[in-house]
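Novice: Got start_39.pdb for you, PDB, C-alpha atoms and all ligand atoms:
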ATOM      1  CA  MET A   1       0.000   0.000   0.000  1.00  0.00           C
ATOM      2  CA  ILE A   2       1.419   3.381  -1.007  1.00  0.00           C
ATOM      3  CA  ASP A   3       1.852   6.092   1.616  1.00  0.00           C
ATOM      4  CA  TRP A   4       0.961   9.010  -0.657  1.00  0.00           C
ATOM      5  CA  SER A   5       1.672  11.681   1.962  1.00  0.00           C
ATOM      6  CA  GLU A   6       5.162  10.287   2.426  1.00  0.00           C
ATOM      7  CA  ARG A   7       5.719  10.404  -1.338  1.00  0.00           C
ATOM      8  CA  TYR A   8       4.930  14.157  -1.205  1.00  0.00           C
ATOM      9  CA  ARG A   9       7.119  14.741   1.875  1.00  0.00           C
ATOM     10  CA  LYS A  10      10.069  12.924   0.300  1.00  0.00           C
ATOM     11  CA  GLY A  11       9.590  14.667  -3.053  1.00  0.00           C
ATOM     12  CA  GLU A  12       9.002  11.322  -4.795  1.00  0.00           C
ATOM     13  CA  THR A  13       6.318  12.784  -7.056  1.00  0.00           C
ATOM     14  CA  PRO A  14       7.256  12.221 -10.705  1.00  0.00           C
ATOM     15  CA  TRP A  15       3.646  13.056 -11.694  1.00  0.00           C
ATOM     16  CA  GLU A  16       3.995  16.612 -10.328  1.00  0.00           C
ATOM     17  CA  ARG A  17       4.475  18.925 -13.331  1.00  0.00           C
ATOM     18  CA  GLY A  18       3.795  22.284 -11.714  1.00  0.00           C
ATOM     19  CA  ALA A  19       0.999  23.065 -14.193  1.00  0.00           C
ATOM     20  CA  PRO A  20      -2.472  21.840 -15.174  1.00  0.00           C
ATOM     21  CA  ALA A  21      -2.802  18.827 -17.471  1.00  0.00           C
ATOM     22  CA  PRO A  22      -2.445  20.075 -21.079  1.00  0.00           C
ATOM     23  CA  PRO A  23      -5.334  17.781 -22.191  1.00  0.00           C
ATOM     24  CA  LEU A  24      -7.589  19.518 -19.655  1.00  0.00           C
ATOM     25  CA  LEU A  25      -6.757  22.916 -21.172  1.00  0.00           C
ATOM     26  CA  GLU A  26      -7.370  21.496 -24.672  1.00  0.00           C
ATOM     27  CA  LEU A  27     -10.706  20.104 -23.558  1.00  0.00           C
ATOM     28  CA  LEU A  28     -11.727  23.372 -21.868  1.00  0.00           C
ATOM     29  CA  ASP A  29     -11.092  25.157 -25.168  1.00  0.00           C
ATOM     30  CA  ARG A  30     -12.786  22.570 -27.400  1.00  0.00           C
ATOM     31  CA  VAL A  31     -15.828  21.164 -25.665  1.00  0.00           C
ATOM     32  CA  ASN A  32     -19.160  22.788 -24.840  1.00  0.00           C
ATOM     33  CA  PRO A  33     -18.915  23.974 -21.199  1.00  0.00           C
ATOM     34  CA  GLU A  34     -22.324  22.327 -20.660  1.00  0.00           C
ATOM     35  CA  ILE A  35     -20.437  19.098 -19.783  1.00  0.00           C
ATOM     36  CA  TRP A  36     -19.428  20.605 -16.427  1.00  0.00           C
ATOM     37  CA  GLY A  37     -23.059  21.237 -15.418  1.00  0.00           C
ATOM     38  CA  ASP A  38     -24.141  23.977 -13.070  1.00  0.00           C
ATOM     39  CA  SER A  39     -22.893  22.854  -9.679  1.00  0.00           C
ATOM     40  CA  ALA A  40     -19.448  21.855  -8.433  1.00  0.00           C
ATOM     41  CA  VAL A  41     -16.844  19.718 -10.229  1.00  0.00           C
ATOM     42  CA  LEU A  42     -15.012  17.124  -8.124  1.00  0.00           C
ATOM     43  CA  VAL A  43     -11.346  16.388  -8.811  1.00  0.00           C
ATOM     44  CA  PRO A  44     -10.399  13.129  -7.027  1.00  0.00           C
ATOM     45  CA  GLY A  45      -6.690  12.581  -6.357  1.00  0.00           C
ATOM     46  CA  CYS A  46      -6.085  16.241  -7.142  1.00  0.00           C
ATOM     47  CA  GLY A  47      -2.531  16.317  -5.763  1.00  0.00           C
ATOM     48  CA  THR A  48      -1.342  19.895  -5.400  1.00  0.00           C
ATOM     49  CA  GLY A  49      -4.393  21.181  -7.259  1.00  0.00           C
ATOM     50  CA  HIS A  50      -3.165  22.495 -10.629  1.00  0.00           C
ATOM     51  CA  ASP A  51      -6.223  21.122 -12.450  1.00  0.00           C
ATOM     52  CA  VAL A  52      -8.563  22.382  -9.730  1.00  0.00           C
ATOM     53  CA  ARG A  53      -7.198  25.898 -10.190  1.00  0.00           C
ATOM     54  CA  ALA A  54      -7.481  25.613 -14.000  1.00  0.00           C
ATOM     55  CA  LEU A  55     -11.179  24.778 -13.619  1.00  0.00           C
ATOM     56  CA  ALA A  56     -11.680  27.592 -11.096  1.00  0.00           C
ATOM     57  CA  THR A  57      -9.953  30.045 -13.449  1.00  0.00           C
ATOM     58  CA  ARG A  58     -12.671  29.228 -16.021  1.00  0.00           C
ATOM     59  CA  GLY A  59     -15.350  30.201 -13.504  1.00  0.00           C
ATOM     60  CA  LEU A  60     -16.218  26.672 -12.359  1.00  0.00           C
ATOM     61  CA  ARG A  61     -16.722  25.721  -8.731  1.00  0.00           C
ATOM     62  CA  ALA A  62     -14.275  22.899  -8.041  1.00  0.00           C
ATOM     63  CA  LEU A  63     -13.505  20.655  -5.071  1.00  0.00           C
ATOM     64  CA  GLY A  64     -10.114  18.958  -5.001  1.00  0.00           C
ATOM     65  CA  LEU A  65     -10.003  15.745  -2.973  1.00  0.00           C
ATOM     66  CA  ASP A  66      -6.877  13.862  -1.964  1.00  0.00           C
ATOM     67  CA  LEU A  67      -5.964  11.121   0.457  1.00  0.00           C
ATOM     68  CA  ALA A  68      -2.643  12.764   1.250  1.00  0.00           C
ATOM     69  CA  VAL A  69      -2.668  15.478   3.897  1.00  0.00           C
ATOM     70  CA  GLU A  70       0.596  16.812   2.484  1.00  0.00           C
ATOM     71  CA  ALA A  71      -0.968  17.243  -0.987  1.00  0.00           C
ATOM     72  CA  TYR A  72      -3.930  19.008   0.606  1.00  0.00           C
ATOM     73  CA  ARG A  73      -1.627  21.424   2.491  1.00  0.00           C
ATOM     74  CA  ARG A  74       0.267  22.303  -0.668  1.00  0.00           C
ATOM     75  CA  ALA A  75      -2.878  22.713  -2.779  1.00  0.00           C
ATOM     76  CA  ASP A  76      -4.587  24.871  -0.181  1.00  0.00           C
ATOM     77  CA  ALA A  77      -1.504  27.089   0.207  1.00  0.00           C
ATOM     78  CA  TYR A  78      -1.805  28.389  -3.380  1.00  0.00           C
ATOM     79  CA  PRO A  79      -3.542  31.754  -3.833  1.00  0.00           C
ATOM     80  CA  LYS A  80      -7.174  31.119  -4.763  1.00  0.00           C
ATOM     81  CA  ALA A  81      -7.976  31.300  -8.483  1.00  0.00           C
ATOM     82  CA  GLY A  82     -11.765  31.464  -8.001  1.00  0.00           C
ATOM     83  CA  GLY A  83     -14.352  29.159  -6.486  1.00  0.00           C
ATOM     84  CA  GLU A  84     -12.090  26.252  -5.535  1.00  0.00           C
ATOM     85  CA  SER A  85     -11.648  24.371  -2.250  1.00  0.00           C
ATOM     86  CA  TYR A  86      -9.866  21.244  -1.062  1.00  0.00           C
ATOM     87  CA  GLU A  87     -10.530  18.319   1.254  1.00  0.00           C
ATOM     88  CA  VAL A  88      -8.627  15.351   2.591  1.00  0.00           C
ATOM     89  CA  GLY A  89     -10.582  12.153   1.983  1.00  0.00           C
ATOM     90  CA  ASP A  90     -10.758   8.755   0.338  1.00  0.00           C
ATOM     91  CA  PHE A  91     -12.676   8.830  -2.935  1.00  0.00           C
ATOM     92  CA  LEU A  92     -13.331   5.088  -2.607  1.00  0.00           C
ATOM     93  CA  ASP A  93     -14.808   5.353   0.890  1.00  0.00           C
ATOM     94  CA  PRO A  94     -18.632   5.290   0.736  1.00  0.00           C
ATOM     95  CA  ARG A  95     -18.713   7.277   4.008  1.00  0.00           C
ATOM     96  CA  TRP A  96     -16.922  10.192   2.345  1.00  0.00           C
ATOM     97  CA  ARG A  97     -19.467  10.410  -0.450  1.00  0.00           C
ATOM     98  CA  GLU A  98     -22.565  10.164   1.734  1.00  0.00           C
ATOM     99  CA  GLY A  99     -24.937  13.040   0.870  1.00  0.00           C
ATOM    100  CA  LYS A 100     -22.531  14.556  -1.694  1.00  0.00           C
ATOM    101  CA  ARG A 101     -23.412  15.239  -5.352  1.00  0.00           C
ATOM    102  CA  PHE A 102     -21.463  16.884  -8.175  1.00  0.00           C
ATOM    103  CA  SER A 103     -22.431  17.905 -11.687  1.00  0.00           C
ATOM    104  CA  ALA A 104     -19.147  16.498 -13.023  1.00  0.00           C
ATOM    105  CA  ILE A 105     -15.907  14.784 -12.098  1.00  0.00           C
ATOM    106  CA  TRP A 106     -12.549  15.595 -13.665  1.00  0.00           C
ATOM    107  CA  GLU A 107     -10.281  12.525 -13.653  1.00  0.00           C
ATOM    108  CA  HIS A 108      -6.532  12.844 -14.172  1.00  0.00           C
ATOM    109  CA  THR A 109      -4.024  10.304 -12.762  1.00  0.00           C
ATOM    110  CA  CYS A 110      -6.250   9.126  -9.914  1.00  0.00           C
ATOM    111  CA  PHE A 111      -7.765   6.157 -11.792  1.00  0.00           C
ATOM    112  CA  CYS A 112      -4.300   4.929 -12.803  1.00  0.00           C
ATOM    113  CA  ALA A 113      -3.012   5.375  -9.231  1.00  0.00           C
ATOM    114  CA  ILE A 114      -5.500   3.064  -7.557  1.00  0.00           C
ATOM    115  CA  ASP A 115      -5.228  -0.714  -7.353  1.00  0.00           C
ATOM    116  CA  PRO A 116      -6.718  -2.103 -10.616  1.00  0.00           C
ATOM    117  CA  LEU A 117      -8.743  -4.547  -8.510  1.00  0.00           C
ATOM    118  CA  ARG A 118     -10.635  -1.509  -7.188  1.00  0.00           C
ATOM    119  CA  ARG A 119     -11.648  -0.085 -10.561  1.00  0.00           C
ATOM    120  CA  ALA A 120     -15.250  -1.187 -10.147  1.00  0.00           C
ATOM    121  CA  ASP A 121     -15.276   0.665  -6.789  1.00  0.00           C
ATOM    122  CA  TYR A 122     -13.906   3.749  -8.559  1.00  0.00           C
ATOM    123  CA  ALA A 123     -16.689   3.557 -11.183  1.00  0.00           C
ATOM    124  CA  ARG A 124     -19.325   3.083  -8.469  1.00  0.00           C
ATOM    125  CA  ALA A 125     -17.995   6.123  -6.601  1.00  0.00           C
ATOM    126  CA  CYS A 126     -18.317   8.201  -9.795  1.00  0.00           C
ATOM    127  CA  ALA A 127     -21.828   6.882 -10.384  1.00  0.00           C
ATOM    128  CA  GLU A 128     -22.962   7.702  -6.856  1.00  0.00           C
ATOM    129  CA  LEU A 129     -21.421  11.170  -6.842  1.00  0.00           C
ATOM    130  CA  ILE A 130     -22.478  12.445 -10.283  1.00  0.00           C
ATOM    131  CA  VAL A 131     -26.049  13.617 -10.808  1.00  0.00           C
ATOM    132  CA  THR A 132     -28.122  12.046 -13.602  1.00  0.00           C
ATOM    133  CA  GLY A 133     -27.117  13.751 -16.855  1.00  0.00           C
ATOM    134  CA  GLY A 134     -23.790  14.840 -15.357  1.00  0.00           C
ATOM    135  CA  CYS A 135     -20.404  13.868 -16.770  1.00  0.00           C
ATOM    136  CA  LEU A 136     -17.301  11.948 -15.858  1.00  0.00           C
ATOM    137  CA  VAL A 137     -14.639  13.770 -17.832  1.00  0.00           C
ATOM    138  CA  GLY A 138     -11.194  12.255 -17.813  1.00  0.00           C
ATOM    139  CA  VAL A 139      -7.796  11.795 -19.326  1.00  0.00           C
ATOM    140  CA  PHE A 140      -6.677   8.171 -19.053  1.00  0.00           C
ATOM    141  CA  PHE A 141      -3.373   6.409 -19.704  1.00  0.00           C
ATOM    142  CA  LEU A 142      -3.755   4.050 -22.626  1.00  0.00           C
ATOM    143  CA  THR A 143      -0.909   1.649 -22.042  1.00  0.00           C
ATOM    144  CA  PRO A 144      -1.317  -1.741 -23.654  1.00  0.00           C
ATOM    145  CA  TYR A 145      -0.920  -4.598 -21.201  1.00  0.00           C
ATOM    146  CA  ASP A 146      -1.182  -8.337 -21.133  1.00  0.00           C
ATOM    147  CA  PRO A 147      -4.022  -9.358 -18.786  1.00  0.00           C
ATOM    148  CA  GLY A 148      -2.021 -12.520 -17.972  1.00  0.00           C
ATOM    149  CA  GLU A 149       0.911 -10.501 -16.631  1.00  0.00           C
ATOM    150  CA  GLU A 150       1.363  -9.198 -13.126  1.00  0.00           C
ATOM    151  CA  TRP A 151       0.253  -5.573 -12.745  1.00  0.00           C
ATOM    152  CA  THR A 152       2.997  -3.055 -12.231  1.00  0.00           C
ATOM    153  CA  GLY A 153       2.349   0.516 -11.207  1.00  0.00           C
ATOM    154  CA  PRO A 154       1.278   3.096 -10.402  1.00  0.00           C
ATOM    155  CA  PRO A 155       0.584   4.265 -13.001  1.00  0.00           C
ATOM    156  CA  PHE A 156      -1.458   1.154 -13.788  1.00  0.00           C
ATOM    157  CA  PRO A 157      -2.338   0.817 -17.468  1.00  0.00           C
ATOM    158  CA  SER A 158      -5.805   0.647 -18.981  1.00  0.00           C
ATOM    159  CA  GLY A 159      -7.434   0.262 -22.388  1.00  0.00           C
ATOM    160  CA  VAL A 160     -10.496   1.747 -24.091  1.00  0.00           C
ATOM    161  CA  GLU A 161     -12.502  -1.489 -24.005  1.00  0.00           C
ATOM    162  CA  GLU A 162     -11.811  -1.927 -20.320  1.00  0.00           C
ATOM    163  CA  LEU A 163     -12.731   1.676 -19.520  1.00  0.00           C
ATOM    164  CA  ASP A 164     -15.993   1.402 -21.465  1.00  0.00           C
ATOM    165  CA  ALA A 165     -16.771  -1.856 -19.674  1.00  0.00           C
ATOM    166  CA  VAL A 166     -16.050  -0.555 -16.192  1.00  0.00           C
ATOM    167  CA  PHE A 167     -18.155   2.609 -16.624  1.00  0.00           C
ATOM    168  CA  SER A 168     -20.945   1.179 -18.833  1.00  0.00           C
ATOM    169  CA  PRO A 169     -23.292   0.104 -15.990  1.00  0.00           C
ATOM    170  CA  TRP A 170     -23.860   3.820 -15.246  1.00  0.00           C
ATOM    171  CA  PHE A 171     -22.351   5.873 -18.071  1.00  0.00           C
ATOM    172  CA  GLU A 172     -22.433   6.210 -21.839  1.00  0.00           C
ATOM    173  CA  ARG A 173     -19.329   7.425 -23.659  1.00  0.00           C
ATOM    174  CA  GLU A 174     -20.220  10.586 -25.562  1.00  0.00           C
ATOM    175  CA  ILE A 175     -16.946  12.018 -26.896  1.00  0.00           C
ATOM    176  CA  SER A 176     -13.348  10.799 -26.900  1.00  0.00           C
ATOM    177  CA  TRP A 177     -10.080  11.583 -28.640  1.00  0.00           C
ATOM    178  CA  VAL A 178      -6.313  11.404 -28.241  1.00  0.00           C
ATOM    179  CA  PRO A 179      -5.350  14.896 -27.092  1.00  0.00           C
ATOM    180  CA  GLU A 180      -2.892  16.924 -29.144  1.00  0.00           C
ATOM    181  CA  ALA A 181      -1.573  18.636 -26.019  1.00  0.00           C
ATOM    182  CA  ALA A 182       0.398  16.600 -23.487  1.00  0.00           C
ATOM    183  CA  TYR A 183       3.058  16.954 -20.835  1.00  0.00           C
ATOM    184  CA  LEU A 184       6.519  16.123 -22.147  1.00  0.00           C
ATOM    185  CA  GLY A 185       6.846  12.325 -22.290  1.00  0.00           C
ATOM    186  CA  ARG A 186       3.108  11.599 -22.327  1.00  0.00           C
ATOM    187  CA  GLU A 187       2.534  12.435 -25.993  1.00  0.00           C
ATOM    188  CA  GLY A 188       0.130   9.992 -27.669  1.00  0.00           C
ATOM    189  CA  ARG A 189      -0.220   7.892 -24.504  1.00  0.00           C
ATOM    190  CA  GLU A 190      -3.349   9.573 -23.190  1.00  0.00           C
ATOM    191  CA  TRP A 191      -7.008   9.457 -24.115  1.00  0.00           C
ATOM    192  CA  LEU A 192      -9.676  12.032 -23.287  1.00  0.00           C
ATOM    193  CA  ALA A 193     -13.222  10.865 -22.722  1.00  0.00           C
ATOM    194  CA  VAL A 194     -16.553  12.295 -21.626  1.00  0.00           C
ATOM    195  CA  TYR A 195     -18.918   9.716 -20.116  1.00  0.00           C
ATOM    196  CA  ARG A 196     -22.498  10.844 -19.462  1.00  0.00           C
ATOM    197  CA  ARG A 197     -24.346   9.516 -16.383  1.00  0.00           C
ATOM    198  CA  HIS A 198     -27.671   7.885 -17.269  1.00  0.00           C
TER
HETATM  199  C1  LIG B 201      -0.309  10.021  -9.362  1.00  0.00           C
HETATM  200  S1  LIG B 201      -0.854  11.174  -8.194  1.00  0.00           S
HETATM  201  C2  LIG B 201      -1.600  12.418  -9.244  1.00  0.00           C
HETATM  202  C3  LIG B 201      -1.910  13.726  -8.566  1.00  0.00           C
HETATM  203  C4  LIG B 201      -2.508  14.795  -9.506  1.00  0.00           C
HETATM  204  N1  LIG B 201      -3.711  14.328 -10.148  1.00  0.00           N
HETATM  205  C5  LIG B 201      -1.481  15.201 -10.524  1.00  0.00           C
HETATM  206  O1  LIG B 201      -1.574  14.756 -11.671  1.00  0.00           O
HETATM  207  O2  LIG B 201      -0.561  15.965 -10.165  1.00  0.00           O
HETATM  208  C6  LIG B 201      -2.263  10.341  -7.530  1.00  0.00           C
HETATM  209  C7  LIG B 201      -2.931  11.128  -6.423  1.00  0.00           C
HETATM  210  O3  LIG B 201      -4.111  10.424  -6.032  1.00  0.00           O
HETATM  211  C8  LIG B 201      -4.203  10.450  -4.615  1.00  0.00           C
HETATM  212  N2  LIG B 201      -5.042   9.291  -4.265  1.00  0.00           N
HETATM  213  C9  LIG B 201      -4.741   7.974  -4.422  1.00  0.00           C
HETATM  214  N3  LIG B 201      -5.778   7.213  -4.030  1.00  0.00           N
HETATM  215  C10 LIG B 201      -6.758   8.079  -3.636  1.00  0.00           C
HETATM  216  C11 LIG B 201      -8.074   7.894  -3.117  1.00  0.00           C
HETATM  217  N4  LIG B 201      -8.582   6.675  -2.913  1.00  0.00           N
HETATM  218  N5  LIG B 201      -8.797   9.005  -2.808  1.00  0.00           N
HETATM  219  C12 LIG B 201      -8.294  10.250  -2.993  1.00  0.00           C
HETATM  220  N6  LIG B 201      -7.048  10.470  -3.475  1.00  0.00           N
HETATM  221  C13 LIG B 201      -6.295   9.401  -3.801  1.00  0.00           C
HETATM  222  C14 LIG B 201      -2.762  10.396  -4.133  1.00  0.00           C
HETATM  223  O4  LIG B 201      -2.600  10.889  -2.833  1.00  0.00           O
HETATM  224  C15 LIG B 201      -2.069  11.277  -5.175  1.00  0.00           C
HETATM  225  O5  LIG B 201      -2.067  12.631  -4.793  1.00  0.00           O
END
Transcribe the structure of this file into structure tokens.
Ligand SMILES: C[S@@+](CC[C@H](N)C(=O)[O-])C[C@H]1O[C@@H](n2cnc3c(N)ncnc32)[C@H](O)[C@@H]1O

Specialist:
Amino acid sequence: MIDWSERYRKGETPWERGAPAPPLLELLDRVNPEIWGDSAVLVPGCGTGHDVRALATRGLRALGLDLAVEAYRRADAYPKAGGESYEVGDFLDPRWREGKRFSAIWEHTCFCAIDPLRRADYARACAELIVTGGCLVGVFFLTPYDPGEEWTGPPFPSGVEELDAVFSPWFEREISWVPEAAYLGREGREWLAVYRRH
């Protein structure tokens, strides 16, 4: 089990790029803002909050959630960009999501950080937290893998068929594409998708 807070304290955070995910900025420019709905957007596993601030800069209310207290402290220490806030909590814990609803979720490097055996729990959490008609919007790592091999990660790989299968009990895929914009080293390895909650 990974001690995420320790990873932040020790500076072992290769995912930390000091800026929002380029595919998120591409998506914000390209897609009808209707996908974010009219209440708050949840960002699970938000780390130090770059994506949360990018959403807030566009006028969206955004809640960044992270297991790691150290990530929370760093995210919350940034000057506020707009209507954003942060919480420490476990996205997979049903007690955390009790009574909470969001019009959308932005996924970036949380899905690939969790144990692949818990992907159905991740999808259920999204389904319970997003209102009917709301969207799960995400950028996913598309790394081919052999299902017979032992998993190595994080980041744990995934594929389009698997993603569609894991979300299909609650969501329909509406739009998807390989983003043109990427952090250095992630070019062509990511996939943007908007899944609509039915
Ligand atoms: C690979 S890091 C990515 C952080 C951020 N999205 C970024 O790209 O900079 C994964 C993050 O997910 C958080 N995390 C892992 N499991 C979580 C869970 N069950 N609930 C909330 N956060 C979680 C970790 O603490 C870590 O900050």

Novice: Taking all atoms listed in the file into account, list the residues no farther than 7 Å from ligand LIG 201 (chain B), as a list in words.

Specialist: Trp4, Ser5, Trp15, Glu16, Arg17, Pro44, Gly45, Cys46, Gly47, Thr48, Leu65, Asp66, Leu67, Ala68, Ala71, Gly89, Asp90, Phe91, Leu92, His108, Thr109, Cys110, Ala113, Ile114 and Pro155 of chain A

Novice: What is the distance, in Å and to one decimal place, between CA of Ala56 (chain A) and CA of Gly82 (chain A)?

Specialist: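 These two atoms are separated by 5.0 Å.
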
Novice: If the box runs along x, y and z of the file and leaves 6 Å on each side of region 102-113 of chain A, what are its centre and edge lengths in Å, one decimal, as JSON?

Specialist:
{"center_x": -12.7, "center_y": 11.4, "center_z": -11.2, "size_x": 31.4, "size_y": 25.0, "size_z": 18.0}

Novice: With all atoms listed in the file as the atoms that count, which of A:Val137, A:Ala19, A:Ala165, A:Met1 lies nearest to Leu184 (chain A)?

Specialist: A:Ala19

Novice: Using all atoms listed in the file, which residue out of A:Pro179, A:Pro169, A:Pro116, A:Gly134 lies closest to Gly153 (chain A)?

Specialist: A:Pro116

Novice: Residue by residue, what does the PyMOL selection byres (((chain A and resi 84) around 6) and not hetatm) grab here? Present the result as a PyMOL selection string.

Specialist: chain A and resi 56+61-63+82-83+85

Novice: What is the CA of Glu87 (chain A)-CA of Leu42 (chain A) distance in Å, reported with one decimal?

Specialist: 10.5 Å

Novice: Pick out the closest residue to Ala127 (chain A) from this set: A:Glu150, A:Ile105, A:Trp170, A:Phe140. Count only C-alpha atoms.

Specialist: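 The answer is A:Trp170, which sits nearest to Ala127 (chain A).
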
Novice: Counting only C-alpha atoms, which residue out of A:Glu6, A:Asp51, A:Glu172, A:Asp121 sits closest to Pro23 (chain A)?

Specialist: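 With only C-alpha atoms as the atom set, the closest residue is A:Asp51.
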
Novice: Counting all atoms listed in the file, what is within 10 Å of Ala104 (chain A), bar same-chain residues fewer than 6 positions away, as a list in words?

Specialist: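 Contacts, with the query itself left out: Ile35, Trp36, Gly37, Asp38, Ser39, Ala40, Val41, Leu42, Val43, Ala62, Cys126, Leu129, Ile130, Val131, Gly133, Gly134, Cys135, Leu136, Val137, Val194, Tyr195, Arg196 and Arg197 of chain A.
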
Novice: Export, as a PDB file, in the frame of the given file, the selected residues with C-alpha atoms.

Specialist:
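And here is the file that came out, out.pdb:
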ATOM      1  CA  ILE A  35     -20.437  19.098 -19.783  1.00  0.00           C
ATOM      2  CA  TRP A  36     -19.428  20.605 -16.427  1.00  0.00           C
ATOM      3  CA  GLY A  37     -23.059  21.237 -15.418  1.00  0.00           C
ATOM      4  CA  ASP A  38     -24.141  23.977 -13.070  1.00  0.00           C
ATOM      5  CA  SER A  39     -22.893  22.854  -9.679  1.00  0.00           C
ATOM      6  CA  ALA A  40     -19.448  21.855  -8.433  1.00  0.00           C
ATOM      7  CA  VAL A  41     -16.844  19.718 -10.229  1.00  0.00           C
ATOM      8  CA  LEU A  42     -15.012  17.124  -8.124  1.00  0.00           C
ATOM      9  CA  VAL A  43     -11.346  16.388  -8.811  1.00  0.00           C
ATOM     10  CA  ALA A  62     -14.275  22.899  -8.041  1.00  0.00           C
ATOM     11  CA  CYS A 126     -18.317   8.201  -9.795  1.00  0.00           C
ATOM     12  CA  LEU A 129     -21.421  11.170  -6.842  1.00  0.00           C
ATOM     13  CA  ILE A 130     -22.478  12.445 -10.283  1.00  0.00           C
ATOM     14  CA  VAL A 131     -26.049  13.617 -10.808  1.00  0.00           C
ATOM     15  CA  GLY A 133     -27.117  13.751 -16.855  1.00  0.00           C
ATOM     16  CA  GLY A 134     -23.790  14.840 -15.357  1.00  0.00           C
ATOM     17  CA  CYS A 135     -20.404  13.868 -16.770  1.00  0.00           C
ATOM     18  CA  LEU A 136     -17.301  11.948 -15.858  1.00  0.00           C
ATOM     19  CA  VAL A 137     -14.639  13.770 -17.832  1.00  0.00           C
ATOM     20  CA  VAL A 194     -16.553  12.295 -21.626  1.00  0.00           C
ATOM     21  CA  TYR A 195     -18.918   9.716 -20.116  1.00  0.00           C
ATOM     22  CA  ARG A 196     -22.498  10.844 -19.462  1.00  0.00           C
ATOM     23  CA  ARG A 197     -24.346   9.516 -16.383  1.00  0.00           C
TER      24      ARG A 197
END

Novice: Just to confirm, what's the straight-line distance from CA of Gly159 (chain A) to CA of His198 (chain A) in Å (one decimal)?

Specialist: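 Computed distance, CA of Gly159 (chain A) to CA of His198 (chain A), equals 22.2 Å.
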
Novice: Applying 10 Å and all atoms listed in the file, which residues near Gly188 (chain A) remain after dropping the ones on its own chain fewer than 4 positions away? List them as number ranges by chain.

Specialist: A: 141-142, 178-182

Novice: For a quick check of understanding, using only C-alpha atoms, which of A:Leu27, A:Leu60, A:Ile2, A:Cys112 has the smallest distance to Ala193 (chain A)?

Specialist: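 So, comparing all the options, the nearest one is A:Leu27.
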
Novice: With all atoms listed in the file as the atoms that count, which of A:Ala21, A:Leu117, A:Arg74, A:Asp93 lies nearest to Arg186 (chain A)?

Specialist: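 Comparing A:Ala21, A:Leu117, A:Arg74, A:Asp93 against Arg186 (chain A), the winner is A:Ala21.
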
Novice: Written as a list in words, which residues does the PyMOL selection byres (((chain A and resi 143) around 9) and not hetatm) give for the file shown?

Specialist: Phe141, Leu142, Pro144, Tyr145, Phe156, Pro157, Ser158, Gly159, Arg189 and Glu190 of chain A
